[in-house]
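Listing of target-v3.txt; format and content: compact mmCIF, C-alpha atoms.
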```
# COMPACT_ATOMS: atom_id res chain seq x y z
CA MET R 28 150.09 97.55 86.89
CA SER R 29 150.14 93.86 87.55
CA SER R 30 147.33 93.67 90.08
CA SER R 31 143.89 95.08 89.34
CA HIS R 32 143.03 94.91 93.05
CA ASN R 33 145.59 97.64 93.81
CA ARG R 34 144.34 100.09 91.21
CA ASN R 35 145.32 103.72 91.87
CA PHE R 36 142.78 106.54 91.68
CA SER R 37 144.45 109.78 90.69
CA PHE R 38 142.45 112.07 92.94
CA PHE R 39 142.97 110.03 96.11
CA PRO R 40 145.87 110.07 98.59
CA MET R 41 145.54 106.29 98.89
CA ALA R 42 143.62 103.40 97.40
CA ILE R 43 139.86 103.76 97.69
CA THR R 44 138.21 101.76 100.41
CA LEU R 45 134.60 101.14 101.21
CA VAL R 46 133.07 103.91 103.22
CA LEU R 47 130.65 103.18 106.03
CA ALA R 48 128.29 105.75 107.42
CA PHE R 49 126.98 104.65 110.75
CA ALA R 50 128.44 105.10 114.15
CA ILE R 51 128.11 104.59 117.87
CA LEU R 52 128.84 107.58 120.09
CA PHE R 53 130.53 107.62 123.46
CA VAL R 54 131.05 110.77 125.50
CA SER R 55 134.63 111.88 125.98
CA PRO R 56 135.24 114.63 128.53
CA SER R 57 136.95 117.35 126.53
CA VAL R 58 136.49 120.57 128.43
CA SER R 59 137.64 121.77 131.82
CA THR R 60 134.40 123.46 132.82
CA SER R 61 132.93 123.13 136.28
CA PRO R 62 130.03 120.66 136.44
CA ASN R 63 127.29 123.27 136.81
CA LEU R 64 128.58 126.06 134.59
CA LEU R 65 125.42 125.88 132.50
CA ASP R 66 123.35 126.86 135.55
CA HIS R 67 124.21 130.47 134.81
CA PRO R 68 122.05 132.28 132.22
CA GLY R 69 123.95 133.03 129.06
CA ALA R 70 126.88 130.80 129.96
CA LYS R 71 128.84 129.79 126.90
CA THR R 72 130.15 126.29 127.09
CA GLY R 73 129.88 122.97 125.35
CA PHE R 74 131.06 119.41 125.31
CA GLN R 75 132.59 116.87 123.00
CA VAL R 76 131.40 113.36 122.13
CA THR R 77 133.36 110.70 120.27
CA LEU R 78 131.81 108.47 117.62
CA LYS R 79 132.43 104.85 116.80
CA HIS R 80 130.96 102.96 113.87
CA VAL R 81 128.26 100.43 114.72
CA ASP R 82 129.92 97.64 112.74
CA PHE R 83 133.42 98.39 114.01
CA GLY R 84 135.13 95.19 115.06
CA GLY R 85 132.38 93.04 113.57
CA ASN R 86 134.75 91.05 111.35
CA PHE R 87 132.87 91.93 108.15
CA THR R 88 134.40 92.25 104.70
CA LYS R 89 134.26 95.63 103.04
CA LEU R 90 131.46 94.48 100.77
CA GLU R 91 129.49 93.12 103.72
CA LEU R 92 129.91 96.41 105.57
CA LEU R 93 128.60 98.37 102.62
CA GLN R 94 125.64 96.07 102.10
CA ARG R 95 124.68 96.27 105.78
CA ALA R 96 124.93 100.05 105.72
CA MET R 97 122.88 100.34 102.54
CA LYS R 98 120.12 98.16 103.95
CA ARG R 99 119.84 100.37 107.01
CA GLY R 100 120.02 103.50 104.91
CA ARG R 101 117.21 102.47 102.55
CA LYS R 102 114.89 101.78 105.48
CA ARG R 103 115.72 105.10 107.09
CA MET R 104 115.21 106.97 103.81
CA GLU R 105 111.74 105.46 103.46
CA ARG R 106 110.83 106.48 107.01
CA LEU R 107 112.12 110.02 106.59
CA HIS R 108 110.06 110.36 103.42
CA SER R 109 106.97 109.13 105.27
CA MET R 110 107.57 111.67 108.00
CA ALA R 111 107.82 114.50 105.49
CA LEU R 112 104.44 113.56 104.02
CA ALA R 113 102.76 113.38 107.42
CA SER R 114 100.44 116.19 108.46
CA SER R 115 101.72 118.76 110.93
CA ASP R 116 99.94 117.10 113.87
CA ALA R 117 101.13 113.58 113.08
CA THR R 118 102.98 111.66 115.78
CA ILE R 119 105.15 109.62 113.42
CA GLU R 120 108.87 109.89 114.02
CA ALA R 121 111.82 108.06 112.50
CA PRO R 122 111.86 104.54 113.97
CA ILE R 123 115.03 103.14 115.45
CA HIS R 124 115.76 99.46 114.82
CA ALA R 125 118.53 97.49 116.47
CA GLY R 126 121.62 97.78 114.32
CA ASN R 127 120.03 100.49 112.19
CA GLY R 128 123.15 102.57 112.24
CA GLU R 129 122.00 105.33 114.52
CA PHE R 130 124.45 106.72 117.01
CA LEU R 131 124.79 105.76 120.62
CA MET R 132 125.71 108.46 123.07
CA GLU R 133 126.85 107.78 126.62
CA LEU R 134 125.55 110.29 129.15
CA SER R 135 124.35 110.49 132.74
CA ILE R 136 120.97 111.48 134.17
CA GLY R 137 119.90 112.73 137.59
CA THR R 138 121.55 113.61 140.89
CA PRO R 139 123.47 111.54 141.75
CA PRO R 140 124.12 110.80 138.06
CA GLU R 141 123.34 107.42 136.55
CA THR R 142 125.17 106.57 133.33
CA TYR R 143 123.38 105.10 130.32
CA SER R 144 123.65 105.05 126.53
CA ALA R 145 121.02 106.48 124.20
CA ILE R 146 120.47 106.57 120.46
CA LEU R 147 121.34 109.93 118.92
CA ASP R 148 118.93 110.94 116.14
CA THR R 149 119.12 114.09 114.00
CA GLY R 150 115.73 113.18 112.51
CA SER R 151 113.61 113.63 115.66
CA ASP R 152 113.36 115.93 118.66
CA LEU R 153 112.28 114.22 121.87
CA ILE R 154 114.82 113.13 124.48
CA TRP R 155 113.60 110.14 126.49
CA THR R 156 114.71 107.21 128.58
CA GLN R 157 112.97 104.35 130.35
CA CYS R 158 111.87 105.09 133.91
CA LYS R 159 110.68 103.21 136.96
CA PRO R 160 108.04 102.18 137.81
CA CYS R 161 107.61 100.39 134.48
CA LYS R 162 104.26 99.39 133.08
CA LYS R 163 106.09 97.89 130.13
CA CYS R 164 109.82 98.22 129.49
CA TYR R 165 112.21 96.46 127.14
CA ASP R 166 115.55 94.99 128.19
CA GLN R 167 118.28 97.60 128.17
CA PRO R 168 122.03 97.34 128.79
CA THR R 169 122.01 99.62 131.87
CA PRO R 170 119.73 99.92 134.94
CA ILE R 171 116.42 101.68 134.34
CA PHE R 172 116.36 105.24 135.72
CA ASP R 173 114.49 105.68 139.00
CA PRO R 174 113.37 109.34 139.31
CA SER R 175 112.49 108.89 142.98
CA LYS R 176 116.22 108.58 143.74
CA SER R 177 117.19 111.85 142.03
CA SER R 178 117.11 115.19 143.87
CA THR R 179 116.87 117.21 140.63
CA PHE R 180 113.89 115.51 138.98
CA SER R 181 110.72 117.58 138.47
CA ASN R 182 107.54 117.08 136.46
CA ILE R 183 106.56 119.45 133.67
CA PRO R 184 103.06 120.96 134.09
CA CYS R 185 100.46 120.72 131.34
CA ALA R 186 100.48 124.50 130.89
CA SER R 187 104.17 124.50 129.93
CA ASP R 188 105.23 125.53 126.41
CA LEU R 189 107.36 122.39 126.33
CA CYS R 190 104.22 120.30 126.79
CA SER R 191 102.54 122.22 123.97
CA ALA R 192 105.51 121.46 121.73
CA LEU R 193 104.76 117.73 121.83
CA PRO R 194 103.02 116.29 118.77
CA GLN R 195 100.67 114.45 121.14
CA SER R 196 100.17 115.08 124.86
CA SER R 197 97.65 114.69 127.68
CA CYS R 198 97.27 115.64 131.34
CA ALA R 199 97.30 113.59 134.52
CA ASP R 200 97.14 115.38 137.88
CA SER R 201 98.18 118.60 136.05
CA ASN R 202 101.37 116.91 134.84
CA CYS R 203 102.24 116.66 131.15
CA GLU R 204 102.17 113.18 129.64
CA TYR R 205 103.53 112.27 126.22
CA GLU R 206 103.19 109.55 123.61
CA TYR R 207 105.60 109.05 120.73
CA THR R 208 104.83 106.45 118.08
CA TYR R 209 107.55 105.49 115.64
CA GLY R 210 107.13 104.29 112.08
CA ASP R 211 107.82 100.64 112.91
CA TYR R 212 105.07 100.69 115.59
CA SER R 213 107.60 101.01 118.37
CA SER R 214 106.47 103.58 120.92
CA THR R 215 107.22 105.30 124.19
CA GLN R 216 104.75 106.78 126.67
CA GLY R 217 105.24 108.44 130.02
CA THR R 218 105.62 111.72 131.87
CA MET R 219 107.44 114.81 130.66
CA ALA R 220 109.96 116.05 133.21
CA LYS R 221 113.08 118.13 133.72
CA GLU R 222 116.36 116.68 134.91
CA THR R 223 120.09 117.31 135.02
CA PHE R 224 122.02 115.57 132.25
CA THR R 225 125.79 115.18 132.43
CA PHE R 226 128.12 114.81 129.44
CA GLY R 227 131.63 114.03 130.58
CA ASN R 228 132.53 116.92 132.91
CA VAL R 229 129.64 119.15 131.81
CA SER R 230 126.28 119.08 133.57
CA VAL R 231 123.23 120.71 132.01
CA PRO R 232 120.31 121.28 134.42
CA LYS R 233 116.60 121.38 133.69
CA ILE R 234 116.66 119.53 130.38
CA ALA R 235 113.15 118.52 129.32
CA PHE R 236 112.82 114.82 128.57
CA GLY R 237 110.33 112.00 128.43
CA CYS R 238 110.36 109.65 131.41
CA GLY R 239 109.01 106.55 129.69
CA SER R 240 107.11 103.99 131.74
CA ASP R 241 105.43 102.21 128.79
CA ASN R 242 107.90 101.45 126.03
CA GLU R 243 107.75 98.74 123.41
CA GLY R 244 109.27 97.71 120.12
CA ALA R 245 112.43 95.93 119.04
CA GLY R 246 114.00 99.11 117.71
CA PHE R 247 115.35 100.48 120.98
CA SER R 248 117.40 97.61 122.38
CA GLN R 249 120.74 99.14 121.33
CA GLY R 250 120.38 101.85 123.93
CA SER R 251 118.36 102.97 126.93
CA GLY R 252 116.39 105.68 125.15
CA LEU R 253 116.88 108.34 122.52
CA VAL R 254 118.39 111.82 122.24
CA GLY R 255 116.64 113.90 119.59
CA MET R 256 118.87 116.39 117.75
CA GLY R 257 116.37 117.87 115.31
CA ARG R 258 115.36 121.53 114.89
CA GLY R 259 112.32 121.43 117.20
CA PRO R 260 112.19 123.00 120.70
CA LEU R 261 112.39 119.65 122.52
CA SER R 262 115.69 118.50 121.03
CA LEU R 263 118.92 118.53 123.00
CA VAL R 264 120.57 121.14 120.77
CA SER R 265 117.55 123.45 120.98
CA GLN R 266 117.66 123.33 124.79
CA LEU R 267 121.30 124.42 125.02
CA ASN R 268 122.14 128.05 125.84
CA GLU R 269 124.04 128.11 122.56
CA PRO R 270 121.95 125.98 120.17
CA LYS R 271 124.48 124.70 117.68
CA PHE R 272 126.37 121.48 117.08
CA SER R 273 128.75 119.95 114.59
CA TYR R 274 130.14 116.56 113.78
CA CYS R 275 133.21 115.39 111.91
CA LEU R 276 133.21 111.88 110.46
CA THR R 277 136.51 110.13 109.80
CA SER R 278 137.05 107.75 106.90
CA ILE R 279 135.98 104.20 107.61
CA ASP R 280 139.55 102.94 107.28
CA SER R 281 140.80 105.41 109.89
CA SER R 282 141.96 104.04 113.22
CA LYS R 283 140.67 107.20 114.90
CA THR R 284 137.16 107.93 116.12
CA SER R 285 134.80 110.59 114.81
CA THR R 286 133.60 113.56 116.84
CA LEU R 287 130.42 115.39 117.85
CA LEU R 288 130.82 118.93 119.21
CA MET R 289 128.01 120.63 121.12
CA GLY R 290 127.27 124.26 121.98
CA SER R 291 130.22 126.65 122.03
CA GLN R 292 132.58 123.92 120.84
CA ALA R 293 130.67 123.43 117.59
CA ASN R 294 132.80 125.90 115.63
CA TYR R 295 136.02 124.20 116.74
CA ASN R 296 138.82 126.30 115.15
CA VAL R 297 136.95 127.65 112.13
CA ASN R 298 137.88 131.24 113.04
CA ASN R 299 141.39 130.45 111.87
CA SER R 300 142.09 132.62 108.82
CA ASN R 301 143.39 129.60 106.89
CA ILE R 302 140.12 127.70 107.26
CA VAL R 303 137.83 127.50 104.24
CA LYS R 304 134.24 127.70 105.45
CA LYS R 305 131.22 127.54 103.17
CA THR R 306 127.73 128.21 104.49
CA THR R 307 124.24 127.51 103.16
CA PRO R 308 120.91 128.51 104.72
CA LEU R 309 118.57 125.99 106.28
CA ILE R 310 115.08 125.79 104.80
CA LYS R 311 111.92 125.32 106.83
CA SER R 312 109.33 122.73 105.86
CA THR R 313 105.85 123.26 107.25
CA SER R 314 105.21 119.52 107.00
CA ASN R 315 108.22 118.60 109.12
CA PRO R 316 110.23 121.43 110.68
CA THR R 317 112.48 118.92 112.46
CA PHE R 318 114.56 118.09 109.36
CA TYR R 319 117.68 119.94 108.23
CA TYR R 320 116.58 120.94 104.72
CA ILE R 321 119.05 122.70 102.43
CA SER R 322 118.72 124.09 98.91
CA LEU R 323 120.56 122.08 96.25
CA GLU R 324 120.72 124.18 93.09
CA GLY R 325 122.82 121.97 90.83
CA ILE R 326 125.55 119.34 90.38
CA THR R 327 128.80 119.49 88.43
CA ILE R 328 130.71 116.38 87.34
CA GLY R 329 134.16 117.05 85.93
CA ASP R 330 133.78 120.43 84.21
CA LYS R 331 130.16 119.89 83.22
CA LEU R 332 127.25 121.49 85.02
CA LEU R 333 124.52 118.89 84.66
CA PRO R 334 121.19 119.81 83.01
CA ILE R 335 119.11 119.22 86.15
CA GLU R 336 116.10 121.45 86.70
CA LYS R 337 116.52 123.49 89.89
CA SER R 338 112.95 122.64 90.86
CA THR R 339 113.94 118.96 91.10
CA PHE R 340 115.13 119.49 94.67
CA ALA R 341 112.43 121.95 95.81
CA ILE R 342 110.04 121.17 98.66
CA ARG R 343 106.56 120.59 97.28
CA GLU R 344 103.23 121.66 98.74
CA ASP R 345 102.44 118.12 99.92
CA GLY R 346 105.70 117.98 101.92
CA SER R 347 107.56 115.77 99.46
CA GLY R 348 110.72 116.77 97.63
CA GLY R 349 113.56 118.83 99.02
CA MET R 350 116.96 117.65 100.25
CA ILE R 351 117.91 117.04 103.87
CA ILE R 352 121.29 116.52 105.48
CA ASP R 353 121.14 113.41 107.63
CA SER R 354 123.89 111.84 109.72
CA GLY R 355 122.07 108.50 109.91
CA THR R 356 121.69 107.73 106.19
CA THR R 357 124.64 106.10 104.42
CA LEU R 358 124.39 107.12 100.80
CA THR R 359 123.23 110.28 99.10
CA TYR R 360 119.81 109.73 97.53
CA LEU R 361 118.84 111.81 94.51
CA GLU R 362 115.44 112.17 92.83
CA ASP R 363 115.04 109.72 89.93
CA SER R 364 115.34 112.30 87.16
CA ALA R 365 118.50 113.81 88.66
CA PHE R 366 120.05 110.42 89.40
CA ASP R 367 119.56 109.32 85.77
CA ILE R 368 121.53 112.37 84.58
CA VAL R 369 124.27 111.79 87.18
CA LYS R 370 124.50 108.11 86.23
CA LYS R 371 124.83 108.87 82.51
CA GLU R 372 127.53 111.49 83.06
CA MET R 373 129.58 109.38 85.48
CA ILE R 374 129.62 106.46 83.04
CA GLU R 375 130.68 108.78 80.24
CA GLN R 376 133.47 110.47 82.19
CA MET R 377 134.85 107.44 84.04
CA LYS R 378 135.57 105.67 80.73
CA LEU R 379 135.58 102.24 82.38
CA PRO R 380 133.69 99.01 81.71
CA VAL R 381 130.32 99.12 83.47
CA ALA R 382 129.60 96.28 85.91
CA ASN R 383 126.01 95.58 84.90
CA GLN R 384 125.43 92.82 87.45
CA SER R 385 127.23 94.22 90.46
CA GLY R 386 126.84 92.33 93.71
CA THR R 387 127.26 95.50 95.77
CA GLY R 388 123.65 96.64 95.45
CA LEU R 389 124.79 99.97 94.03
CA GLU R 390 123.48 100.99 90.64
CA VAL R 391 126.55 102.65 89.12
CA CYS R 392 129.59 100.34 89.29
CA PHE R 393 132.66 99.84 87.16
CA ASP R 394 134.69 96.69 86.49
CA LEU R 395 138.36 97.17 87.38
CA LEU R 396 139.55 93.64 86.70
CA SER R 397 140.38 94.33 83.06
CA VAL R 398 141.92 97.74 83.68
CA ASP R 399 145.72 97.95 83.75
CA HIS R 400 146.20 101.70 84.23
CA ASP R 401 145.61 104.32 86.91
CA ILE R 402 142.08 105.62 87.02
CA GLU R 403 141.06 109.26 86.86
CA VAL R 404 137.96 110.13 88.82
CA PRO R 405 136.09 113.27 87.72
CA LYS R 406 135.43 115.87 90.38
CA PHE R 407 131.95 115.98 91.88
CA VAL R 408 130.51 119.29 93.13
CA PHE R 409 127.22 119.91 94.92
CA HIS R 410 126.03 123.48 94.34
CA PHE R 411 124.11 124.42 97.47
CA GLU R 412 122.74 127.93 97.85
CA GLY R 413 125.81 130.06 98.59
CA ALA R 414 128.11 127.05 98.96
CA ASP R 415 129.81 124.94 96.28
CA LEU R 416 130.94 121.71 97.96
CA ASP R 417 133.72 119.97 96.00
CA LEU R 418 133.82 116.45 97.44
CA PRO R 419 136.99 114.46 98.07
CA GLY R 420 137.11 111.46 95.74
CA GLU R 421 136.68 108.91 98.53
CA ASN R 422 133.40 110.60 99.48
CA TYR R 423 131.65 109.46 96.32
CA ILE R 424 133.61 106.55 94.80
CA VAL R 425 133.95 103.39 96.88
CA ALA R 426 135.86 100.26 95.88
CA ASP R 427 136.07 96.68 97.05
CA SER R 428 138.65 93.92 96.71
CA SER R 429 136.17 92.17 94.40
CA GLY R 430 137.45 94.48 91.67
CA GLU R 431 134.62 97.00 91.41
CA ALA R 432 134.42 100.74 92.01
CA CYS R 433 130.98 102.23 92.59
CA LEU R 434 129.28 105.59 92.93
CA ALA R 435 128.13 105.89 96.56
CA MET R 436 124.76 107.34 95.62
CA ALA R 437 121.32 105.96 94.85
CA ARG R 438 117.99 107.01 93.40
CA SER R 439 114.90 108.01 95.34
CA ASN R 440 111.36 109.13 94.70
CA GLY R 441 109.90 111.86 96.89
CA MET R 442 112.90 113.09 98.88
CA SER R 443 116.64 113.62 98.40
CA ILE R 444 119.13 113.02 101.21
CA PHE R 445 122.75 114.15 101.54
CA GLY R 446 124.20 111.08 103.21
CA ASN R 447 127.12 110.74 105.57
CA VAL R 448 129.47 109.01 103.15
CA GLN R 449 129.55 112.38 101.41
CA GLN R 450 130.14 114.14 104.75
CA GLN R 451 133.42 112.41 105.66
CA ASN R 452 136.30 114.66 106.69
CA ILE R 453 134.06 117.72 106.63
CA LEU R 454 133.11 119.53 109.84
CA MET R 455 129.32 119.89 109.49
CA ILE R 456 128.25 122.88 111.62
CA HIS R 457 124.52 123.14 112.38
CA ASP R 458 123.58 126.58 113.73
CA LEU R 459 119.95 126.78 114.86
CA VAL R 460 120.12 130.52 115.63
CA LYS R 461 121.51 131.64 112.29
CA GLU R 462 119.61 128.76 110.63
CA THR R 463 122.61 127.69 108.58
CA ILE R 464 124.78 124.67 107.89
CA SER R 465 128.47 125.23 107.25
CA PHE R 466 130.99 122.91 105.59
CA VAL R 467 134.62 123.02 106.71
CA PRO R 468 137.14 120.58 105.15
CA THR R 469 138.78 118.98 108.18
CA LYS R 470 141.08 116.10 109.01
CA CYS R 471 138.53 114.57 111.36
CA ASP R 472 140.96 112.03 112.80
CA GLU R 473 143.02 114.92 114.20
CA LEU R 474 140.24 116.53 116.24
```

Starting from the coordinates I provided, produce the structure as structure tokens.
Amino acid sequence: MSSSHNRNFSFFPMAITLVLAFAILFVSPSVSTSPNLLDHPGAKTGFQVTLKHVDFGGNFTKLELLQRAMKRGRKRMERLHSMALASSDATIEAPIHAGNGEFLMELSIGTPPETYSAILDTGSDLIWTQCKPCKKCYDQPTPIFDPSKSSTFSNIPCASDLCSALPQSSCADSNCEYEYTYGDYSSTQGTMAKETFTFGNVSVPKIAFGCGSDNEGAGFSQGSGLVGMGRGPLSLVSQLNEPKFSYCLTSIDSSKTSTLLMGSQANYNVNNSNIVKKTTPLIKSTSNPTFYYISLEGITIGDKLLPIEKSTFAIREDGSGGMIIDSGTTLTYLEDSAFDIVKKEMIEQMKLPVANQSGTGLEVCFDLLSVDHDIEVPKFVFHFEGADLDLPGENYIVADSSGEACLAMARSNGMSIFGNVQQQNILMIHDLVKETISFVPTKCDEL
């Protein structure tokens, strides 16, 4: 081939492009349910939310996009690790910085409904927004919620189980008050309450949330609060009648948006007999039950099962170790010892010149400028308990017009994370009743 910048990769349907992991979410009405269908006990319904990458339209080069995403991902990985090491009564949660690559979700609160956008976080539980009257509030893009103007607002009493579920709470006039402190010293304080939240055409009454009157920190300015999607009882998914959700991330070069599916819509069309669905159990961590831990038992590159000790990815007594699935971390992070083995095998099987001084910030990169033939990329399989996930090539090799192709993974010490580059074009179904995560290969831009 005459141009090294148009190198073909044999396992890919098109040239590899950089893959970005972070997104902004906006609700898209997708169901024809009546607004208050969820008022009825046992009602089975759900709603759909569309996702849009944070850096979309930012006029960045592919390399700049990757570097921005990696910077956010490293910070998030460090915070998640700190959370895992915290004691069970710690109040630390994953901090949210402006531009950190979390998701924004547009929703409405109260009756009549007031629309606002909030950060969606699979690494924490509490739902909260800023409320009047403010003792201290940061600037937000939409008007601050005034509970006195809503007919469906009600305080949560101190004796409530929902109040007990808070990591830190207090009482004032028999009403539950909360305080959440995030790892970057941002915080929110206020009153726990119940309110009707509306997502597109679907209204969900009596959702417990924090009505924050004292909020500070630079990390929240992207949105007007936060929607926790973790495994704890206060998260949005846990409060649904059917506590499950899924998301499907498109490739970064797709012109289509990604999708979040809540409640009964989470399974999408996976009951179709032609659908290949693989399921692995969720693991509980006593140190941090919010996270979506899964059991990684091994890795295969090409036809070789790597000599990685199974205990490498086990949760340790001090809360460290283990692997979590996280929608807000870009790359997959592997424990040092495992990453060294993966690095050695990828270099051996790729059979390409190694770019020892890559400007991408990734550790395993290959120089394509001197290569004049099509490139074969070895398959990469994660062996989760009960589920062998054979990744599409673009989910682990990323390339840039600078003439380098890199492994979209990095090393860590203390926790492994299955990042969202690796989750592209896979419907990721989180079922909190069955305590499982399922993987369904899906053309996400067709949802």

Smallest atom-to-atom distance to Ile342 (chain R): which of R:Ile326, R:Leu379, R:Met442, R:Ala199, using only C-alpha atoms?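 Between R:Ile326, R:Leu379, R:Met442, R:Ala199, the residue approaching Ile342 (chain R) most closely is R:Met442.
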
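The space between CA of Thr313 (chain R) and CA of Ala192 (chain R) spans 14.6 Å.
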
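Put simply, CA of Asp200 (chain R) is 24.1 Å away from CA of Pro260 (chain R).
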
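When only C-alpha atoms are used to compute distances to Asp363 (chain R), the closest of the residues R:Lys163, R:Arg343, R:Arg438, R:Lys176 turns out to be R:Arg438.
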
Which distance in Å separates CA of Ile424 (chain R) and CA of Glu324 (chain R), to one decimal?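 Between CA of Ile424 (chain R) and CA of Glu324 (chain R) the gap works out to 21.9 Å.
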
Residue contacts of region 409-414 of chain R (12 Å, only C-alpha atoms) excluding same-chain residues fewer than 2 positions away, as a JSON list (two decimals) with C-alpha atoms, in the coordinates of the input:
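selection.json, written as the output of this step:
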```
[["chain", "number", "residue", "atom", "x", "y", "z"],
["R", 303, "VAL", "CA", 137.83, 127.50, 104.24],
["R", 304, "LYS", "CA", 134.24, 127.70, 105.45],
["R", 305, "LYS", "CA", 131.22, 127.54, 103.17],
["R", 306, "THR", "CA", 127.73, 128.21, 104.49],
["R", 307, "THR", "CA", 124.24, 127.51, 103.16],
["R", 308, "PRO", "CA", 120.91, 128.51, 104.72],
["R", 309, "LEU", "CA", 118.57, 125.99, 106.28],
["R", 310, "ILE", "CA", 115.08, 125.79, 104.80],
["R", 320, "TYR", "CA", 116.58, 120.94, 104.72],
["R", 321, "ILE", "CA", 119.05, 122.70, 102.43],
["R", 322, "SER", "CA", 118.72, 124.09, 98.91],
["R", 323, "LEU", "CA", 120.56, 122.08, 96.25],
["R", 324, "GLU", "CA", 120.72, 124.18, 93.09],
["R", 325, "GLY", "CA", 122.82, 121.97, 90.83],
["R", 326, "ILE", "CA", 125.55, 119.34, 90.38],
["R", 327, "THR", "CA", 128.80, 119.49, 88.43],
["R", 328, "ILE", "CA", 130.71, 116.38, 87.34],
["R", 329, "GLY", "CA", 134.16, 117.05, 85.93],
["R", 332, "LEU", "CA", 127.25, 121.49, 85.02],
["R", 333, "LEU", "CA", 124.52, 118.89, 84.66],
["R", 335, "ILE", "CA", 119.11, 119.22, 86.15],
["R", 337, "LYS", "CA", 116.52, 123.49, 89.89],
["R", 340, "PHE", "CA", 115.13, 119.49, 94.67],
["R", 350, "MET", "CA", 116.96, 117.65, 100.25],
["R", 351, "ILE", "CA", 117.91, 117.04, 103.87],
["R", 352, "ILE", "CA", 121.29, 116.52, 105.48],
["R", 359, "THR", "CA", 123.23, 110.28, 99.10],
["R", 361, "LEU", "CA", 118.84, 111.81, 94.51],
["R", 369, "VAL", "CA", 124.27, 111.79, 87.18],
["R", 406, "LYS", "CA", 135.43, 115.87, 90.38],
["R", 407, "PHE", "CA", 131.95, 115.98, 91.88],
["R", 416, "LEU", "CA", 130.94, 121.71, 97.96],
["R", 417, "ASP", "CA", 133.72, 119.97, 96.00],
["R", 418, "LEU", "CA", 133.82, 116.45, 97.44],
["R", 419, "PRO", "CA", 136.99, 114.46, 98.07],
["R", 423, "TYR", "CA", 131.65, 109.46, 96.32],
["R", 445, "PHE", "CA", 122.75, 114.15, 101.54],
["R", 449, "GLN", "CA", 129.55, 112.38, 101.41],
["R", 450, "GLN", "CA", 130.14, 114.14, 104.75],
["R", 463, "THR", "CA", 122.61, 127.69, 108.58],
["R", 464, "ILE", "CA", 124.78, 124.67, 107.89],
["R", 465, "SER", "CA", 128.47, 125.23, 107.25],
["R", 466, "PHE", "CA", 130.99, 122.91, 105.59],
["R", 467, "VAL", "CA", 134.62, 123.02, 106.71]]
```
